[in-house]
Every structure is written in C-alpha cells, then in structure tokens.
Amino acid sequence: MKNIELTINNNTYNVSMVLKNNKYTYLRVDPQGGILVTTPKLMSNKALEKFILRNIEKIDKQINKNLERNQARIQSVMLLGKEFPIVFEEGNKCTVESSHVIIKGRSLEDKYKLVDKFYLKQAKKVLPNIFEEVFADLNLKIALPTLQIRKMKTRWGVCHTKGYKVVLNSELIRYKPYIIRYVIIHELMHFFEPNHSSKFWDLVAKYEPNFKQIRKEMNK
C-alpha cells in the first residue's frame, strides 16, 4: 500500500493506493475521511491526482456525509431499532436504561471507540440468542453452525461453508429484529447454495418473502 497526501482546492486529502493487476481504478471513502484507491500498478502520482480531481465533488459529498454520521454516532445509539441518547461517564460498566444509555470508559477522549466497543459487547450478548432462535425456527435439518461476531466495514454477514461458520457484523445490533433475521437467513442459505444464483434467492424467499423490501431498507 502506498500513502499519498494531496492538496486540492486548499483541502488536504489522505489517499491510500492499493496497487493491483486491475484494468480499472476504484475509489472508496472510509468512515474517517481517508480515500482508498485500488489501481493498476502502472498508475503515476500525477494520474492519480487527476483521477481524484475528476471525482472530487463525489468525494467531498461522501466525506461530509461521513462526518455527519460520525457526529450522530456519539450522540445516540440504536439498539434493535430503538434510539437511546448517550451519557458518557468515567468507569467500566456500561448500562442500558429505559430512557438512555450510559457508556463508560477510562478515557473519554475517543468517544467513537467507546461506542464501537459498546456495540460489539451488546452484539455478542444479544445476537447469539437471535441466531439460535432463527436457526431453530427454520428447521433446516443441519447442525447449528459456529457463530462469530465482529465489526466489518462492508458486509453484514459471511458464511464460511468449509469451516461451517457464520460471521455476523456487530453493527447489526442497531437494526430491528426482522432485519437481523433476514441477514441470518441469508447466510444460512449459503450452506445450500454458495453463490447468489436464482436458486439461492428462491431459498431466501422461501423463509423470508419480504427480503427485497428489507434489502432496500438496509441500503437507505
């Protein structure tokens, strides 16, 4: 990976270049405002700067959108579709009250990390029960897969058929139970159909007929 700092229109952008044997160049803005560019190995710094400049309006729009999301993230949390204001305090044990959430930490400077840790802890506490309930409800005639929960940047879930394991994104704890149920169904169906073929989606529809509407809701 190659890291470059570019100044465009008096704004400084941190760009990380991933050099691959790609034919095309792809761009993504991460939640912290950095720019990740996957590009052919022969792209020069000058060509990269021109590419960034061509997409600068979209980049700035996404950076501003991420800033708004990050600010909102330390003001309130979502648990199973319900919003709770956050109260930050020094200490160790976080608590969920009826009207708010108390998030505690030894250092309150990096509130984003405290919120991430809170979501991960809640997810590990709640999601395994939902996973087992959904699995039992489906009656699939297969053994219960191993479940792992961790934060993922781009995927809600992953099915490892060889390791017989399902990985769920800890951020799912923010969503309503029927959305979590859909993601679990989606990953479980991969034990029967490893790719996203029409047969796979037929299986998903069998257990969650409203999956298309749920997917639209998740992408908002």
# chains A, B, ... in the order shown; residues from 1 in each chain; ligands from 1

$ select_by_dssp --residues "stretch 45-217 of chain A" --states "helix (DSSP H, G or I)" --output "PyMOL selection string"
chain A and resi 45-54+56-73+111-138+170-174+177-189+198-207+211-217

$ residues_around --residues "stretch 181-193 of chain A" --least-positions-apart "4" --cutoff "9 Å" --atoms "only C-alpha atoms" --output "PyMOL selection string"
chain A and resi 130-131+134-135+138+145+156-161+164+166-168+172+176-177+197+199-201+203-204+207-208+210-211+214-215

$ write_last_selection --atoms "C-alpha atoms" --output "short mmCIF file (atom, residue, chain, number, x, y, z; two decimals), in the first residue's frame"
data_model
loop_
_atom_site.label_atom_id
_atom_site.label_comp_id
_atom_site.auth_asym_id
_atom_site.auth_seq_id
_atom_site.Cartn_x
_atom_site.Cartn_y
_atom_site.Cartn_z
CA ILE A 130 -31.37 -14.43 17.93
CA PHE A 131 -29.16 -16.64 15.75
CA VAL A 134 -33.90 -18.19 13.89
CA PHE A 135 -31.97 -21.40 13.21
CA LEU A 138 -36.16 -22.61 10.12
CA PRO A 145 -23.06 -23.63 12.64
CA TRP A 156 -23.41 -7.64 7.17
CA GLY A 157 -22.56 -11.32 7.30
CA VAL A 158 -20.29 -14.00 5.90
CA CYS A 159 -20.84 -17.74 5.53
CA HIS A 160 -17.75 -19.98 5.66
CA THR A 161 -19.03 -23.28 4.27
CA TYR A 164 -19.01 -24.41 8.88
CA VAL A 166 -21.28 -17.79 10.14
CA VAL A 167 -19.82 -14.36 10.90
CA LEU A 168 -22.21 -11.50 11.72
CA LEU A 172 -26.43 -5.47 13.18
CA LYS A 176 -34.77 -4.16 14.10
CA PRO A 177 -35.06 -7.91 14.77
CA SER A 197 -27.81 -17.74 -8.03
CA LYS A 199 -31.84 -20.84 -6.76
CA PHE A 200 -30.22 -19.13 -3.77
CA TRP A 201 -32.70 -16.24 -3.84
CA LEU A 203 -34.37 -20.33 -0.94
CA VAL A 204 -34.16 -16.94 0.78
CA TYR A 207 -38.04 -18.29 4.52
CA GLU A 208 -38.26 -14.50 4.12
CA ASN A 210 -40.13 -9.76 2.03
CA PHE A 211 -36.37 -9.93 1.59
CA ILE A 214 -35.73 -5.45 3.71
CA ARG A 215 -32.66 -5.07 1.49
#

$ residues_around --residues "stretch 16-32 of chain A" --least-positions-apart "5" --cutoff "9 Å" --atoms "only C-alpha atoms" --output "ChimeraX atom specification"
/A:1-5,37-43,48,51-52,59,62-63,66-67,69-70,153

$ select_by_dssp --residues "stretch 23-194 of chain A" --states "strand (DSSP E or B)" --output "PyMOL selection string"
chain A and resi 26-29+35-40+76-79+82-90+95-96+101-105+146-150+157-160+165-169

$ decode --residues "stretch 68-183 of chain A" --atoms "C-alpha atoms" --output "short mmCIF file (atom, residue, chain, number, x, y, z; two decimals), in the first residue's frame"
data_model
loop_
_atom_site.label_atom_id
_atom_site.label_comp_id
_atom_site.auth_asym_id
_atom_site.auth_seq_id
_atom_site.Cartn_x
_atom_site.Cartn_y
_atom_site.Cartn_z
CA GLU A 68 -22.48 13.89 9.97
CA ARG A 69 -22.82 10.17 10.67
CA ASN A 70 -19.82 10.17 13.00
CA GLN A 71 -21.18 13.13 14.94
CA ALA A 72 -24.57 11.44 15.28
CA ARG A 73 -22.83 8.23 16.38
CA ILE A 74 -21.56 9.80 19.63
CA GLN A 75 -24.88 11.46 20.43
CA SER A 76 -27.13 8.41 20.45
CA VAL A 77 -27.07 4.65 19.88
CA MET A 78 -29.54 2.37 18.14
CA LEU A 79 -30.35 -0.96 19.78
CA LEU A 80 -32.67 -3.33 17.91
CA GLY A 81 -34.18 -0.36 16.09
CA LYS A 82 -34.71 1.83 19.16
CA GLU A 83 -32.76 5.06 19.72
CA PHE A 84 -31.17 5.91 23.08
CA PRO A 85 -29.29 9.15 23.91
CA ILE A 86 -25.74 8.58 25.17
CA VAL A 87 -24.37 9.73 28.51
CA PHE A 88 -20.57 9.35 28.74
CA GLU A 89 -19.06 8.72 32.16
CA GLU A 90 -15.73 7.54 33.55
CA GLY A 91 -15.73 3.93 34.70
CA ASN A 92 -16.00 0.39 33.39
CA LYS A 93 -19.55 -0.94 33.27
CA CYS A 94 -21.90 0.36 30.56
CA THR A 95 -25.63 0.23 31.24
CA VAL A 96 -28.80 0.44 29.16
CA GLU A 97 -31.54 2.41 30.91
CA SER A 98 -35.13 2.82 29.79
CA SER A 99 -34.51 6.36 28.53
CA HIS A 100 -30.76 6.48 27.78
CA VAL A 101 -27.50 4.55 27.60
CA ILE A 102 -24.54 5.16 29.90
CA ILE A 103 -21.24 4.41 28.16
CA LYS A 104 -18.25 4.33 30.48
CA GLY A 105 -14.53 4.31 29.80
CA ARG A 106 -11.21 5.09 31.41
CA SER A 107 -10.57 7.78 28.80
CA LEU A 108 -13.47 9.73 27.32
CA GLU A 109 -11.38 11.41 24.63
CA ASP A 110 -12.06 8.86 21.88
CA LYS A 111 -15.81 8.50 22.20
CA TYR A 112 -16.07 6.76 18.83
CA LYS A 113 -14.03 3.80 20.11
CA LEU A 114 -16.17 3.62 23.24
CA VAL A 115 -19.32 3.45 21.11
CA ASP A 116 -17.77 0.73 18.89
CA LYS A 117 -16.85 -1.31 21.99
CA PHE A 118 -20.37 -0.84 23.35
CA TYR A 119 -21.96 -2.12 20.13
CA LEU A 120 -19.61 -5.10 19.99
CA LYS A 121 -20.37 -6.03 23.61
CA GLN A 122 -24.14 -5.72 23.09
CA ALA A 123 -23.94 -7.69 19.84
CA LYS A 124 -22.06 -10.56 21.48
CA LYS A 125 -24.67 -10.58 24.23
CA VAL A 126 -27.81 -10.47 22.07
CA LEU A 127 -27.08 -11.78 18.56
CA PRO A 128 -26.21 -15.39 19.53
CA ASN A 129 -29.69 -15.82 21.05
CA ILE A 130 -31.37 -14.43 17.93
CA PHE A 131 -29.16 -16.64 15.75
CA GLU A 132 -30.17 -19.78 17.63
CA GLU A 133 -33.85 -18.81 17.65
CA VAL A 134 -33.90 -18.19 13.89
CA PHE A 135 -31.97 -21.40 13.21
CA ALA A 136 -34.42 -23.44 15.29
CA ASP A 137 -37.41 -21.75 13.63
CA LEU A 138 -36.16 -22.61 10.12
CA ASN A 139 -35.82 -26.34 10.91
CA LEU A 140 -33.16 -26.84 8.24
CA LYS A 141 -32.12 -30.38 9.21
CA ILE A 142 -28.47 -29.38 9.51
CA ALA A 143 -26.25 -28.89 12.56
CA LEU A 144 -26.06 -25.46 14.18
CA PRO A 145 -23.06 -23.63 12.64
CA THR A 146 -20.44 -21.89 14.75
CA LEU A 147 -21.18 -18.18 15.17
CA GLN A 148 -18.60 -15.39 15.27
CA ILE A 149 -19.41 -11.71 15.82
CA ARG A 150 -17.09 -8.88 14.86
CA LYS A 151 -17.23 -5.45 13.28
CA MET A 152 -16.97 -5.49 9.49
CA LYS A 153 -16.70 -2.48 7.17
CA THR A 154 -18.52 -3.68 4.06
CA ARG A 155 -20.52 -6.83 4.84
CA TRP A 156 -23.41 -7.64 7.17
CA GLY A 157 -22.56 -11.32 7.30
CA VAL A 158 -20.29 -14.00 5.90
CA CYS A 159 -20.84 -17.74 5.53
CA HIS A 160 -17.75 -19.98 5.66
CA THR A 161 -19.03 -23.28 4.27
CA LYS A 162 -15.69 -25.08 4.66
CA GLY A 163 -15.26 -24.01 8.27
CA TYR A 164 -19.01 -24.41 8.88
CA LYS A 165 -19.17 -20.94 10.43
CA VAL A 166 -21.28 -17.79 10.14
CA VAL A 167 -19.82 -14.36 10.90
CA LEU A 168 -22.21 -11.50 11.72
CA ASN A 169 -21.35 -7.81 11.75
CA SER A 170 -21.64 -6.39 15.28
CA GLU A 171 -23.35 -3.31 13.78
CA LEU A 172 -26.43 -5.47 13.18
CA ILE A 173 -27.36 -4.90 16.83
CA ARG A 174 -28.51 -1.43 15.70
CA TYR A 175 -31.27 -2.84 13.49
CA LYS A 176 -34.77 -4.16 14.10
CA PRO A 177 -35.06 -7.91 14.77
CA TYR A 178 -36.67 -8.72 11.40
CA ILE A 179 -33.64 -7.22 9.62
CA ILE A 180 -31.26 -9.30 11.74
CA ARG A 181 -33.40 -12.32 10.98
CA TYR A 182 -33.08 -11.70 7.23
CA VAL A 183 -29.26 -11.47 7.42
#
